[in-house]
Each structure stands twice: as structure tokens, then as C-alpha cells.
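**Q** The structure follows.
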Amino acid sequence: MKSRDTLVRLKRFQAEEKRRRVVQLNAMIAEFTRMSTELDREIALEEQRANISDPNHFAYPTYARAARTRRDNIVASLTELRGQLEEAEAQYKEANEDFAKAQSQEARDRGVERMVDVVAERRSAEMPEAFRRA
């Protein structure tokens with residue numbers, strides 16, 4: 001069954017694409033987490049250097065204020081990425097299930113085709129020689 005084989009390849013491709021998306025999102029989350037941690041460290045160093053840790057203080061370091069803003073934006077992006085990751089994982093799971101169903105259907109079809117071939121061979125072997133020629 002050519003169409004079944006094509007369907008299996010399509011489902012495999014779709015599942016692989018969903019897996020790549022999950023891997024990509026995980027990499028982005030890891031990178032954003034690293035960046036956020038680095039900014040936290042830089043903010044703490046700048047506050048320690050200026051001896052001011054209150055962001056509302058008039059002499060709060062400008063770099064620390066900018067780093068806080070950037071870190072807050074990264075944290076917001078992390079929250080959004082985690083939501084996207086949950087959705088992507090659900091889509092990947094569904095695509096994998098569809099792929100498994102298509103594979104099992106293909107295997108079932110191949111089994112039925114083999115059974116039909118075996119039965120046809122048995123019948124032709126059981127037929128008298130005179131009927132096979134006709």
C-alpha cells in the first residue's frame with residue numbers, strides 16, 4: 001500500500017518537526033535562564049559597588065536599573081516560552097501517537113496482504129494441474 005507508506009512518512013516527518021520545536025524551546029529556555037542569572041549577578045555587583053540596593057533611590061546606578069529592566073523582560077519571555085513549551089510538548093505527544101497509529105495500520109495491512117498471498121498460494125497448489133492452465 002503506497003498511500004499507507006506515504007502516510008507513515010508524513011506522520012514521521014510531522015512528529016520529528018514537533019520534537020525539533022520542543023528541543024528548540026528547551027534550548028531557548030536554558031539560554032534565557034542563563035542570561036537572567038548573569039544579569040542578577042551583575043545587578044548585585046553594581047549595587048554592592050555603589051552601596052545602594054534600593055531601585056527607587058535617586059543615586060541608584062543607571063546600569064543596574066537597565067540590567068533590572070532587561071532581566072525583567074527576560075523573565076517575562078521565559079514565562080511565555082514555558083507556556084509555548086507545554087503546548088509544543090502536547091503537540092509532539094499527539095503527533096507521536098498519530099505516527100504510532102499509522103505505523104500499526106501499515107503493519108496490519110502488510111500482515112493482511114501476506115495472509116492473502118499465502119492463501120492464494122495454497123489454493124493454487126491445491127488446484128489440479130488442468131485448472132491452473134486455464
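So you can find residues: chains in the C-alpha cells are A, B, ... in the order shown, residues in each start at 1, and ligands are numbered from 1 in order.
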If you take only C-alpha atoms and a cut-off of 10 Å, which residues of range 47-101 of chain A touch range 3-17 of chain A, and what are their nearest atom pairs and distances in Å to one decimal, in chain and number order, as a Markdown table?
**A**
| residue | atom | partner | partner_atom | distance |
| --- | --- | --- | --- | --- |
| A:Gln91 | CA | A:Ala15 | CA | 8.6 |
| A:Tyr92 | CA | A:Ala15 | CA | 6.0 |
| A:Lys93 | CA | A:Ala15 | CA | 8.2 |
| A:Glu94 | CA | A:Ala15 | CA | 8.3 |
| A:Ala95 | CA | A:Ala15 | CA | 4.9 |
| A:Asn96 | CA | A:Ala15 | CA | 5.4 |
| A:Glu97 | CA | A:Ala15 | CA | 8.8 |
| A:Asp98 | CA | A:Lys11 | CA | 6.6 |
| A:Phe99 | CA | A:Lys11 | CA | 4.8 |
| A:Ala100 | CA | A:Lys11 | CA | 8.5 |
| A:Lys101 | CA | A:Val8 | CA | 8.9 |
**Q** May I have the residues from that selection written out with N, CA, C and O atoms, as an mmCIF file, in the first residue's frame?
**A**
data_model
loop_
_atom_site.group_PDB
_atom_site.id
_atom_site.type_symbol
_atom_site.label_atom_id
_atom_site.label_comp_id
_atom_site.auth_asym_id
_atom_site.auth_seq_id
_atom_site.Cartn_x
_atom_site.Cartn_y
_atom_site.Cartn_z
ATOM 1 N N GLN A 91 1.610 18.871 21.553
ATOM 2 C CA GLN A 91 1.531 18.628 20.110
ATOM 3 C C GLN A 91 2.466 17.501 19.695
ATOM 4 O O GLN A 91 2.114 16.684 18.837
ATOM 5 N N TYR A 92 3.641 17.450 20.302
ATOM 6 C CA TYR A 92 4.598 16.380 19.994
ATOM 7 C C TYR A 92 4.029 15.021 20.414
ATOM 8 O O TYR A 92 4.114 14.052 19.661
ATOM 9 N N LYS A 93 3.439 14.975 21.584
ATOM 10 C CA LYS A 93 2.851 13.721 22.065
ATOM 11 C C LYS A 93 1.743 13.261 21.108
ATOM 12 O O LYS A 93 1.679 12.089 20.740
ATOM 13 N N GLU A 94 0.911 14.197 20.685
ATOM 14 C CA GLU A 94 -0.178 13.863 19.759
ATOM 15 C C GLU A 94 0.373 13.391 18.414
ATOM 16 O O GLU A 94 -0.114 12.405 17.835
ATOM 17 N N ALA A 95 1.391 14.070 17.915
ATOM 18 C CA ALA A 95 1.995 13.684 16.630
ATOM 19 C C ALA A 95 2.631 12.301 16.732
ATOM 20 O O ALA A 95 2.553 11.502 15.790
ATOM 21 N N ASN A 96 3.258 12.008 17.861
ATOM 22 C CA ASN A 96 3.851 10.688 18.071
ATOM 23 C C ASN A 96 2.783 9.602 18.102
ATOM 24 O O ASN A 96 2.980 8.511 17.561
ATOM 25 N N GLU A 97 1.662 9.903 18.739
ATOM 26 C CA GLU A 97 0.557 8.932 18.783
ATOM 27 C C GLU A 97 0.006 8.686 17.373
ATOM 28 O O GLU A 97 -0.274 7.542 17.001
ATOM 29 N N ASP A 98 -0.144 9.756 16.596
ATOM 30 C CA ASP A 98 -0.616 9.609 15.212
ATOM 31 C C ASP A 98 0.363 8.774 14.391
ATOM 32 O O ASP A 98 -0.044 7.932 13.590
ATOM 33 N N PHE A 99 1.646 9.015 14.591
ATOM 34 C CA PHE A 99 2.681 8.256 13.889
ATOM 35 C C PHE A 99 2.606 6.779 14.266
ATOM 36 O O PHE A 99 2.657 5.895 13.398
ATOM 37 N N ALA A 100 2.443 6.491 15.557
ATOM 38 C CA ALA A 100 2.354 5.099 16.010
ATOM 39 C C ALA A 100 1.117 4.412 15.421
ATOM 40 O O ALA A 100 1.183 3.251 15.004
ATOM 41 N N LYS A 101 0.008 5.136 15.352
ATOM 42 C CA LYS A 101 -1.208 4.570 14.758
ATOM 43 C C LYS A 101 -0.986 4.246 13.277
ATOM 44 O O LYS A 101 -1.386 3.185 12.802
#
**Q** I'd like the contact shell of Leu85 in chain A - 10 Å cut-off, only C-alpha atoms, skipping same-chain residues fewer than 6 positions apart - returned as a PyMOL selection string.
**A** chain A and resi 21-26+29+79+91
**Q** Could you check how far CA of Ala66 in chain A sits from CA of Asn51 in chain A, in Å to one decimal?
**A**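 These atoms are spaced 17.1 Å apart.
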**Q** For Ile74 in chain A, which of A:Ala50, A:Arg110, A:Glu38, A:Lys18 is the closest residue, counting only C-alpha atoms?
**A** A:Glu38
**Q** What is the CA of Arg20 in chain A to CA of Leu78 in chain A distance in Å?
**A**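 These two atoms are separated by 18.6 Å.
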**Q** Could you give me, as a list of chain:residue names, each residue of range 52-85 of chain A that DSSP assigns to helix (DSSP H, G or I) when run on this structure's backbone?
**A**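 Helix (DSSP H, G or I) members of range 52-85 of chain A, listed: A:Thr62, A:Tyr63, A:Ala64, A:Arg65, A:Ala66, A:Ala67, A:Arg68, A:Thr69, A:Arg70, A:Arg71, A:Asp72, A:Asn73, A:Ile74, A:Val75, A:Ala76, A:Ser77, A:Leu78, A:Thr79, A:Glu80, A:Leu81, A:Arg82, A:Gly83, A:Gln84, A:Leu85.
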**Q** If I take CA of Pro55 in chain A and CA of Met28 in chain A, how far is one from the other in Å, to one decimal?
**A**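 Atom-to-atom, CA of Pro55 in chain A and CA of Met28 in chain A are spaced 28.8 Å apart.
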**Q** Identify, on the basis of only C-alpha atoms, every residue whose closest approach to range 32-34 of chain A does not exceed 12 Å; exclude the query and any residue fewer than 5 positions from it along the same chain; express the result as a PyMOL selection string.
**A** chain A and resi 25-27+39-41+70-82
**Q** Can you list, as a PyMOL selection string, every protein, DNA or RNA residue that comes within 8 Å of range 44-47 of chain A when you count only C-alpha atoms, leaving out same-chain residues fewer than 6 positions away?
**A** chain A and resi 53+60-61+63-64
**Q** Between A:Thr69, A:Gln103, A:Arg108, A:Ala88, which residue has the minimum interatomic distance to Ser36 in chain A, considering only C-alpha atoms?
**A** A:Thr69
